[in-house]
Amino acid sequence: MTDRVDVLIVGAGFSGMYMALKAREQGLSHQVIEVGSGVGGTWYWNRYPGARVDIQSLEYSFGFDEKLEQEWRWTERYAPQPELLAYANHVADRFALRDAIRFNTRVTAAHWDAAADGWNVTLDSGEVIPARFVVLATGCLSVPTDVTFAGLGDYQGTIYRTSRWPHDGVDFSGQRVGIIGTGSSAIQSIPIIAETAAHLTVFQRTPNYSMPAHNGPIPEADWQEWLADPRAYRARSRATVGGFWNEAREVAIAIHTPPDEIKAELERRWAWGGFRILSGFADQGIDPAANKIIADFVAAKIREQVKDPKVAELLTPKDHPFGTKRPCVDTGYYATYNRDNVELVDLRADPLETFTATGIKTANRSFDFDAVVLATGFDAMTGAIERIDIRGVDGETIKEHWAAGPETYLGLMVAGFPNLFMITGPGSPSVLTNMIHSIEQHVEYVASIIADLNANQAGRIEATREAEQLWTDHCDQTAAMTLLPQANSWYMGANVPGKPRRFMAYAGGLHTYTDICNAVRDKGWEGFRIA
Ligand code: FAD
Ligand code: N01
């Protein structure tokens with residue numbers, strides 16, 4: 001048994017790194033365990049062509065240190081993956097975080113030890129590290145789904161997963177390539193792969209909405225505005241639903257607005273690019289009639305970009321309201337279907353039957369490929385946590401506790417699992433927001449809980465079952481007030497067969513959520529039991 005640490009942190013993405021820094025600031029002994037061989041989490045694993053942020057980089061960056069803010073220069077509005085990974089490495093070096101991180105090591109189990117008021121954390125090496133607190137910084141989108149296809153093992157070509165892309169890149173020059181999936185990962189990579197591959201076949205089961213990024217260098221004037229007062233800029237972002245500045249018009253009601261005014265507003269937002277079109281009208285996320293107005297606008301934009309009307313029709317979503325699956329932000333996605341070397345296959349009309357030695361067979365056709373890319377998504381929010389054998393006070397696992405879908409108090413703790421925190425866990429705004437701001441809020445909150453326990457010589461904190469139930473009900477009710485539960489999205493767990501259907505993020509907004517957390521703290525950590 002290794003020496004006991006105050007805080008054991010699982011994961012060395014932005015969450016784990018910032019948590020390690022906060023632990024060090026408080027003089028707590030700490031150990032970070034990371035299964036990858038480097039820091040960066042999402043940006044370490046997802047190296048597929050075209051990978052980049054869909055929140056502007058000026059905002060998708062840490063705000064806790066002004067010097068860090070001043071010294072880092074993003075080159076594009078939406079930074080590409082190599083730059084995001086370089087940023088993560090810069091953070092690790094600048095704050096000397098690496099010594100506390102053990103790479104190439106997986107946490108396989110964590111069992112509560114009542115006698116020690118702490119956790120015994122087991123690594124894949126077999127080593128057990130006792131820890132007073134465990135922080136799961138394991139990521140909302142870090143575990144690919146276990147999706148498999150008949151005959152996959154027979155295929156003689158190369159299979160790539162967007163979320164586990166080779167570190168030295170892939171050259172598709174002259175190759176016949178197939179890609180399965182049309183989520184954000186596919187929508188970012190398809191235009192780039194199409195530029196080099198001899199031929200690209202896209203297998204689509206469900207179309208997604210996508211808006212243009214209008215990416216490019218950050219205009220100098222924007223930089224200057226940002227550098228003049230980043231504090232004010234960030235404060236403004238944190239006071240929003242999504243944790244980024246999106247020019248939300250909270251009193252504009254689409255169904256009461258004349259059509260020409262709506263069109264002008266949506267055109268302006270489309271021209272600006274990215275997610276700005278999501279916040280033009282307050283009713284678009286809650287009223288199907290309002291939502292349809294925006295969805296029709298985007299459908300018309302798809303038709304404008306895609307020359308073949310049949311292909312445009314296939315690319316137009318019909319099964320979910322606009323914004324209820326995470327919309328994509330693209331560079332040239334729809335126009336890619338105008339290329340002679342790109343073909344779209346509709347898996348609803350012609351289902352994928354099996355892989356063969358040379359490619360893929362659908363009900364009606366056979367395709368030969370040198371390589372196939374799986375852009376098939378993640379076991380989101382709960383996947384990384386449930387894959388660890390975490391056993392609480394009664395020996396129950398978190399997976400068992402979440403049999404009907406995740407139940408948490410504030411997305412931070414689970415009843416029956418004392419001294420175990422989640423960063424951006426289910427039941428927090430997390431994936432509906434600029435994640436960096438959510439991560440900072442959570443890490444700072446967890447650090448303040450630990451500091452308070454230590455100041456009061458308390459050994460243990462636990463969410464009460466009542467508080468967990470009330471919060472879970474509140475999350476369910478908040479989601480039910482929106483159109484979000486209507487989609488078969490990964491937010492709902494719908495992309496993993498057998499996964500319970502529950503909207504997994506808190507849909508009340510980062511600003512509201514932060515206020516609630518602060519009120520809980522001000523009432524002496526209401527809903528938590530401290531001993
Ligand atoms: P992660 O970055 O996922 O890191 C978790 C780490 O934990 C990983 O390195 C993983 O290897 C490790 N880990 C997990 N389980 C174990 C275990 N049992 N043992 C040891 N190590 C473990 N969010 C935005 O706000 N804006 C964006 O533009 C955006 N773009 C994205 C693009 C992609 C392709 C993806 C997949 C996600 C994107 N996200 C975006 C969400 C993104 O995940 C977060 O922004 C953020 O990077 C999460 O950081 P994290 O540290 O919480 O988790
Ligand atoms: O995964 P997804 P993703 N047969 O789940 C299809 C973030 N992110 O990696 O919809 C055929 O969205 C599936 O089809 P269907 C962002 O939050 C951000 O692309 O289930 N197809 C779908 O088309 C995002 O939302 C960025 O019918 C199958 C696709 O695979 C999240 O990560 C970039 C299938 C999966 O899409 C996940 O995105 C990348 C099967 N058996 C990721 N199984 C940015 O832009 C699945 N599919 C910042």
# chains A, B, ... in the order shown; residues from 1 in each chain; ligands from 1

call {"tool": "residues_around", "arguments": {"residues": "region 489-501 of chain A", "least_positions_apart": "3", "cutoff": "10 Å", "atoms": "only C-alpha atoms", "output": "list of chain:residue names"}}
result
A:Leu141, A:Thr145, A:Asp146, A:Val147, A:His320, A:Thr324, A:Lys325, A:Arg326, A:Thr376, A:Gly377, A:Phe378, A:Asp379, A:Ala380, A:Met381, A:Thr382, A:Gly383, A:Trp402, A:Ala403, A:Ala404, A:Gly405, A:Pro406, A:Pro426, A:Val431, A:Leu432, A:Leu484, A:Pro485, A:Gln486, A:Met504, A:Ala505

call {"tool": "closest_atom_pairs", "arguments": {"of": "chain A", "to": "ligand 2", "cutoff": "7 Å", "atoms": "only C-alpha atoms and all ligand atoms", "output": "Markdown table"}}
result
| residue | atom | partner | partner_atom_place_in_ligand_line | distance |
| --- | --- | --- | --- | --- |
| A:Ala51 | CA | ligand 2 | 33 (C) | 6.2 |
| A:Arg52 | CA | ligand 2 | 48 (C) | 5.5 |
| A:Val53 | CA | ligand 2 | 48 (C) | 3.9 |
| A:Asp54 | CA | ligand 2 | 48 (C) | 4.0 |
| A:Ile55 | CA | ligand 2 | 48 (C) | 6.9 |
| A:Leu141 | CA | ligand 2 | 32 (O) | 6.2 |
| A:Val147 | CA | ligand 2 | 41 (N) | 5.9 |
| A:Thr148 | CA | ligand 2 | 41 (N) | 6.8 |
| A:Phe149 | CA | ligand 2 | 41 (N) | 6.8 |
| A:Ile180 | CA | ligand 2 | 21 (N) | 5.5 |
| A:Gly181 | CA | ligand 2 | 30 (O) | 3.4 |
| A:Thr182 | CA | ligand 2 | 23 (O) | 3.7 |
| A:Gly183 | CA | ligand 2 | 19 (O) | 3.4 |
| A:Ser184 | CA | ligand 2 | 19 (O) | 3.8 |
| A:Ser185 | CA | ligand 2 | 19 (O) | 3.7 |
| A:Ala186 | CA | ligand 2 | 19 (O) | 5.6 |
| A:Gln188 | CA | ligand 2 | 45 (O) | 6.6 |
| A:Phe203 | CA | ligand 2 | 11 (C) | 6.9 |
| A:Gln204 | CA | ligand 2 | 21 (N) | 6.2 |
| A:Arg205 | CA | ligand 2 | 27 (O) | 4.3 |
| A:Thr206 | CA | ligand 2 | 27 (O) | 4.1 |
| A:Pro207 | CA | ligand 2 | 23 (O) | 6.8 |
| A:Arg326 | CA | ligand 2 | 25 (O) | 4.9 |
| A:Cys328 | CA | ligand 2 | 45 (O) | 5.7 |
| A:Val329 | CA | ligand 2 | 45 (O) | 5.6 |
| A:Ala375 | CA | ligand 2 | 30 (O) | 5.3 |
| A:Thr376 | CA | ligand 2 | 30 (O) | 3.3 |
| A:Gly377 | CA | ligand 2 | 1 (O) | 3.2 |
| A:Phe378 | CA | ligand 2 | 5 (O) | 6.0 |
| A:Val431 | CA | ligand 2 | 17 (O) | 6.5 |
| A:Trp490 | CA | ligand 2 | 5 (O) | 5.9 |
| A:Asn495 | CA | ligand 2 | 20 (O) | 5.5 |

call {"tool": "atom_distance", "arguments": {"atom1": "atom 24 (C, counted along the ligand's line) of ligand 1", "atom2": "CA of Thr162 (chain A)"}}
result
16.8 Å

call {"tool": "residues_near_ligand", "arguments": {"ligand": "ligand 1", "cutoff": "7 Å", "atoms": "only C-alpha atoms and all ligand atoms", "output": "PyMOL selection string"}}
result
chain A and resi 10-16+33-36+39-44+46+51-55+60+105-108+137-142+163+185+384+387-388+423-424+431+433-436+439

call {"tool": "write_last_selection", "arguments": {"atoms": "C-alpha atoms", "output": "PDB file, in the first residue's frame"}}
result
ATOM      1  CA  VAL A  10      -8.443  10.917 -11.833  1.00  0.00           C
ATOM      2  CA  GLY A  11      -7.694  12.501 -15.216  1.00  0.00           C
ATOM      3  CA  ALA A  12      -5.223  15.118 -16.448  1.00  0.00           C
ATOM      4  CA  GLY A  13      -7.385  17.153 -18.790  1.00  0.00           C
ATOM      5  CA  PHE A  14      -8.177  20.755 -17.959  1.00  0.00           C
ATOM      6  CA  SER A  15     -10.249  19.632 -14.941  1.00  0.00           C
ATOM      7  CA  GLY A  16      -7.585  17.419 -13.405  1.00  0.00           C
ATOM      8  CA  ILE A  33      -3.648   9.458 -12.373  1.00  0.00           C
ATOM      9  CA  GLU A  34      -4.005   9.664 -16.158  1.00  0.00           C
ATOM     10  CA  VAL A  35      -4.374   6.751 -18.558  1.00  0.00           C
ATOM     11  CA  GLY A  36      -3.026   8.743 -21.514  1.00  0.00           C
ATOM     12  CA  VAL A  39      -2.001  16.024 -20.453  1.00  0.00           C
ATOM     13  CA  GLY A  40      -4.912  17.631 -22.281  1.00  0.00           C
ATOM     14  CA  GLY A  41      -7.644  14.958 -22.116  1.00  0.00           C
ATOM     15  CA  THR A  42     -10.017  15.686 -24.991  1.00  0.00           C
ATOM     16  CA  TRP A  43      -7.268  17.464 -26.917  1.00  0.00           C
ATOM     17  CA  TYR A  44      -4.791  14.670 -26.282  1.00  0.00           C
ATOM     18  CA  ASN A  46      -9.112  13.640 -30.423  1.00  0.00           C
ATOM     19  CA  ALA A  51     -10.594  18.887 -34.739  1.00  0.00           C
ATOM     20  CA  ARG A  52     -11.062  22.273 -33.120  1.00  0.00           C
ATOM     21  CA  VAL A  53     -13.267  24.079 -30.612  1.00  0.00           C
ATOM     22  CA  ASP A  54     -16.787  25.275 -31.311  1.00  0.00           C
ATOM     23  CA  ILE A  55     -16.591  27.932 -28.574  1.00  0.00           C
ATOM     24  CA  TYR A  60     -12.378  28.575 -24.210  1.00  0.00           C
ATOM     25  CA  THR A 105      -2.021   4.458 -15.625  1.00  0.00           C
ATOM     26  CA  ARG A 106      -5.707   3.728 -15.261  1.00  0.00           C
ATOM     27  CA  VAL A 107      -7.784   3.916 -12.106  1.00  0.00           C
ATOM     28  CA  THR A 108      -9.808   0.715 -12.038  1.00  0.00           C
ATOM     29  CA  ALA A 137     -11.906  14.641 -13.456  1.00  0.00           C
ATOM     30  CA  THR A 138     -12.578  11.866 -15.922  1.00  0.00           C
ATOM     31  CA  GLY A 139     -14.316  13.911 -18.640  1.00  0.00           C
ATOM     32  CA  CYS A 140     -17.852  14.009 -20.012  1.00  0.00           C
ATOM     33  CA  LEU A 141     -16.782  12.869 -23.465  1.00  0.00           C
ATOM     34  CA  SER A 142     -13.728  10.717 -22.859  1.00  0.00           C
ATOM     35  CA  SER A 163     -11.481   9.809 -30.633  1.00  0.00           C
ATOM     36  CA  SER A 185     -16.361  14.827 -35.057  1.00  0.00           C
ATOM     37  CA  ALA A 384     -15.905   7.155 -17.601  1.00  0.00           C
ATOM     38  CA  ARG A 387     -16.227   2.124 -15.866  1.00  0.00           C
ATOM     39  CA  ILE A 388     -14.453   2.519 -12.520  1.00  0.00           C
ATOM     40  CA  ILE A 423     -15.890  17.782 -11.982  1.00  0.00           C
ATOM     41  CA  THR A 424     -18.684  18.662 -14.420  1.00  0.00           C
ATOM     42  CA  VAL A 431     -21.736  19.982 -21.703  1.00  0.00           C
ATOM     43  CA  THR A 433     -21.738  25.328 -21.565  1.00  0.00           C
ATOM     44  CA  ASN A 434     -18.296  26.619 -22.335  1.00  0.00           C
ATOM     45  CA  MET A 435     -16.702  23.767 -20.436  1.00  0.00           C
ATOM     46  CA  ILE A 436     -13.682  25.709 -19.264  1.00  0.00           C
ATOM     47  CA  ILE A 439     -14.594  23.390 -14.927  1.00  0.00           C
TER      48      ILE A 439
END

call {"tool": "atom_distance", "arguments": {"atom1": "CA of Ala79 (chain A)", "atom2": "CA of Ala228 (chain A)"}}
result
21.1 Å

call {"tool": "select_by_dssp", "arguments": {"residues": "region 171-389 of chain A", "states": "strand (DSSP E)", "output": "PyMOL selection string"}}
result
chain A and resi 176-180+199-204+210-212+328-330+342-346+352-355+359-362+366-368+371-374+389

call {"tool": "atom_distance", "arguments": {"atom1": "CA of Thr2 (chain A)", "atom2": "CA of Ile129 (chain A)"}}
result
5.2 Å

call {"tool": "decode", "arguments": {"residues": "region 263-274 of chain A", "atoms": "all heavy atoms", "output": "compact mmCIF listing (two decimals), in the first residue's frame"}}
result
# COMPACT_ATOMS: atom_id res chain seq x y z
N LYS A 263 -35.96 37.10 -39.99
CA LYS A 263 -34.98 36.73 -41.03
C LYS A 263 -33.73 37.60 -40.89
O LYS A 263 -32.60 37.09 -40.93
CB LYS A 263 -35.62 36.87 -42.41
CG LYS A 263 -34.69 36.56 -43.55
CD LYS A 263 -35.38 35.77 -44.64
CE LYS A 263 -34.54 35.50 -45.87
NZ LYS A 263 -33.14 35.25 -45.69
N ALA A 264 -33.94 38.90 -40.71
CA ALA A 264 -32.79 39.81 -40.60
C ALA A 264 -31.92 39.44 -39.40
O ALA A 264 -30.69 39.40 -39.48
CB ALA A 264 -33.29 41.26 -40.48
N GLU A 265 -32.57 39.12 -38.28
CA GLU A 265 -31.82 38.76 -37.06
C GLU A 265 -31.05 37.46 -37.28
O GLU A 265 -29.88 37.33 -36.90
CB GLU A 265 -32.80 38.63 -35.89
CG GLU A 265 -32.17 38.30 -34.56
CD GLU A 265 -31.23 39.39 -34.04
OE1 GLU A 265 -31.35 40.55 -34.45
OE2 GLU A 265 -30.35 39.05 -33.21
N LEU A 266 -31.73 36.47 -37.89
CA LEU A 266 -31.06 35.18 -38.09
C LEU A 266 -29.93 35.30 -39.11
O LEU A 266 -28.87 34.68 -38.95
CB LEU A 266 -32.08 34.11 -38.53
CG LEU A 266 -33.14 33.76 -37.47
CD1 LEU A 266 -34.08 32.68 -38.00
CD2 LEU A 266 -32.49 33.29 -36.17
N GLU A 267 -30.14 36.10 -40.15
CA GLU A 267 -29.07 36.31 -41.15
C GLU A 267 -27.85 36.93 -40.48
O GLU A 267 -26.71 36.54 -40.74
CB GLU A 267 -29.54 37.23 -42.28
CG GLU A 267 -30.54 36.61 -43.26
CD GLU A 267 -29.94 35.54 -44.19
OE1 GLU A 267 -28.74 35.24 -44.08
OE2 GLU A 267 -30.71 34.98 -44.99
N ARG A 268 -28.09 37.90 -39.61
CA ARG A 268 -26.98 38.58 -38.93
C ARG A 268 -26.20 37.56 -38.08
O ARG A 268 -24.98 37.53 -38.08
CB ARG A 268 -27.56 39.68 -38.05
CG ARG A 268 -26.55 40.65 -37.47
CD ARG A 268 -27.24 41.73 -36.66
NE ARG A 268 -27.83 41.24 -35.43
CZ ARG A 268 -27.16 40.96 -34.31
NH1 ARG A 268 -25.85 41.13 -34.28
NH2 ARG A 268 -27.77 40.53 -33.24
N ARG A 269 -26.95 36.70 -37.40
CA ARG A 269 -26.31 35.72 -36.53
C ARG A 269 -25.60 34.63 -37.35
O ARG A 269 -24.52 34.18 -36.99
CB ARG A 269 -27.35 35.10 -35.57
CG ARG A 269 -27.72 36.08 -34.47
CD ARG A 269 -28.89 35.65 -33.64
NE ARG A 269 -29.16 36.70 -32.67
CZ ARG A 269 -28.65 36.76 -31.43
NH1 ARG A 269 -27.87 35.79 -31.00
NH2 ARG A 269 -28.91 37.76 -30.63
N TRP A 270 -26.21 34.23 -38.45
CA TRP A 270 -25.58 33.24 -39.33
C TRP A 270 -24.27 33.81 -39.88
O TRP A 270 -23.25 33.11 -39.95
CB TRP A 270 -26.54 32.89 -40.46
CG TRP A 270 -26.10 31.75 -41.33
CD1 TRP A 270 -25.40 31.82 -42.49
CD2 TRP A 270 -26.32 30.35 -41.09
NE1 TRP A 270 -25.17 30.57 -43.00
CE2 TRP A 270 -25.73 29.64 -42.16
CE3 TRP A 270 -26.96 29.62 -40.08
CZ2 TRP A 270 -25.76 28.24 -42.25
CZ3 TRP A 270 -26.98 28.22 -40.18
CH2 TRP A 270 -26.39 27.56 -41.24
N ALA A 271 -24.29 35.06 -40.24
CA ALA A 271 -23.09 35.70 -40.80
C ALA A 271 -22.00 35.80 -39.74
O ALA A 271 -20.81 35.70 -40.05
CB ALA A 271 -23.44 37.10 -41.33
N TRP A 272 -22.38 35.98 -38.49
CA TRP A 272 -21.39 36.03 -37.42
C TRP A 272 -20.81 34.63 -37.20
O TRP A 272 -19.64 34.45 -36.92
CB TRP A 272 -22.05 36.54 -36.13
CG TRP A 272 -21.03 37.10 -35.19
CD1 TRP A 272 -20.59 38.39 -35.13
CD2 TRP A 272 -20.28 36.35 -34.22
NE1 TRP A 272 -19.62 38.49 -34.16
CE2 TRP A 272 -19.40 37.25 -33.59
CE3 TRP A 272 -20.26 35.02 -33.83
CZ2 TRP A 272 -18.52 36.87 -32.59
CZ3 TRP A 272 -19.37 34.62 -32.83
CH2 TRP A 272 -18.52 35.55 -32.23
N GLY A 273 -21.67 33.62 -37.30
CA GLY A 273 -21.22 32.22 -37.25
C GLY A 273 -21.35 31.57 -35.89
O GLY A 273 -21.75 32.18 -34.90
N GLY A 274 -21.03 30.25 -35.87
CA GLY A 274 -21.02 29.48 -34.63
C GLY A 274 -22.39 29.41 -33.98
O GLY A 274 -23.43 29.36 -34.65
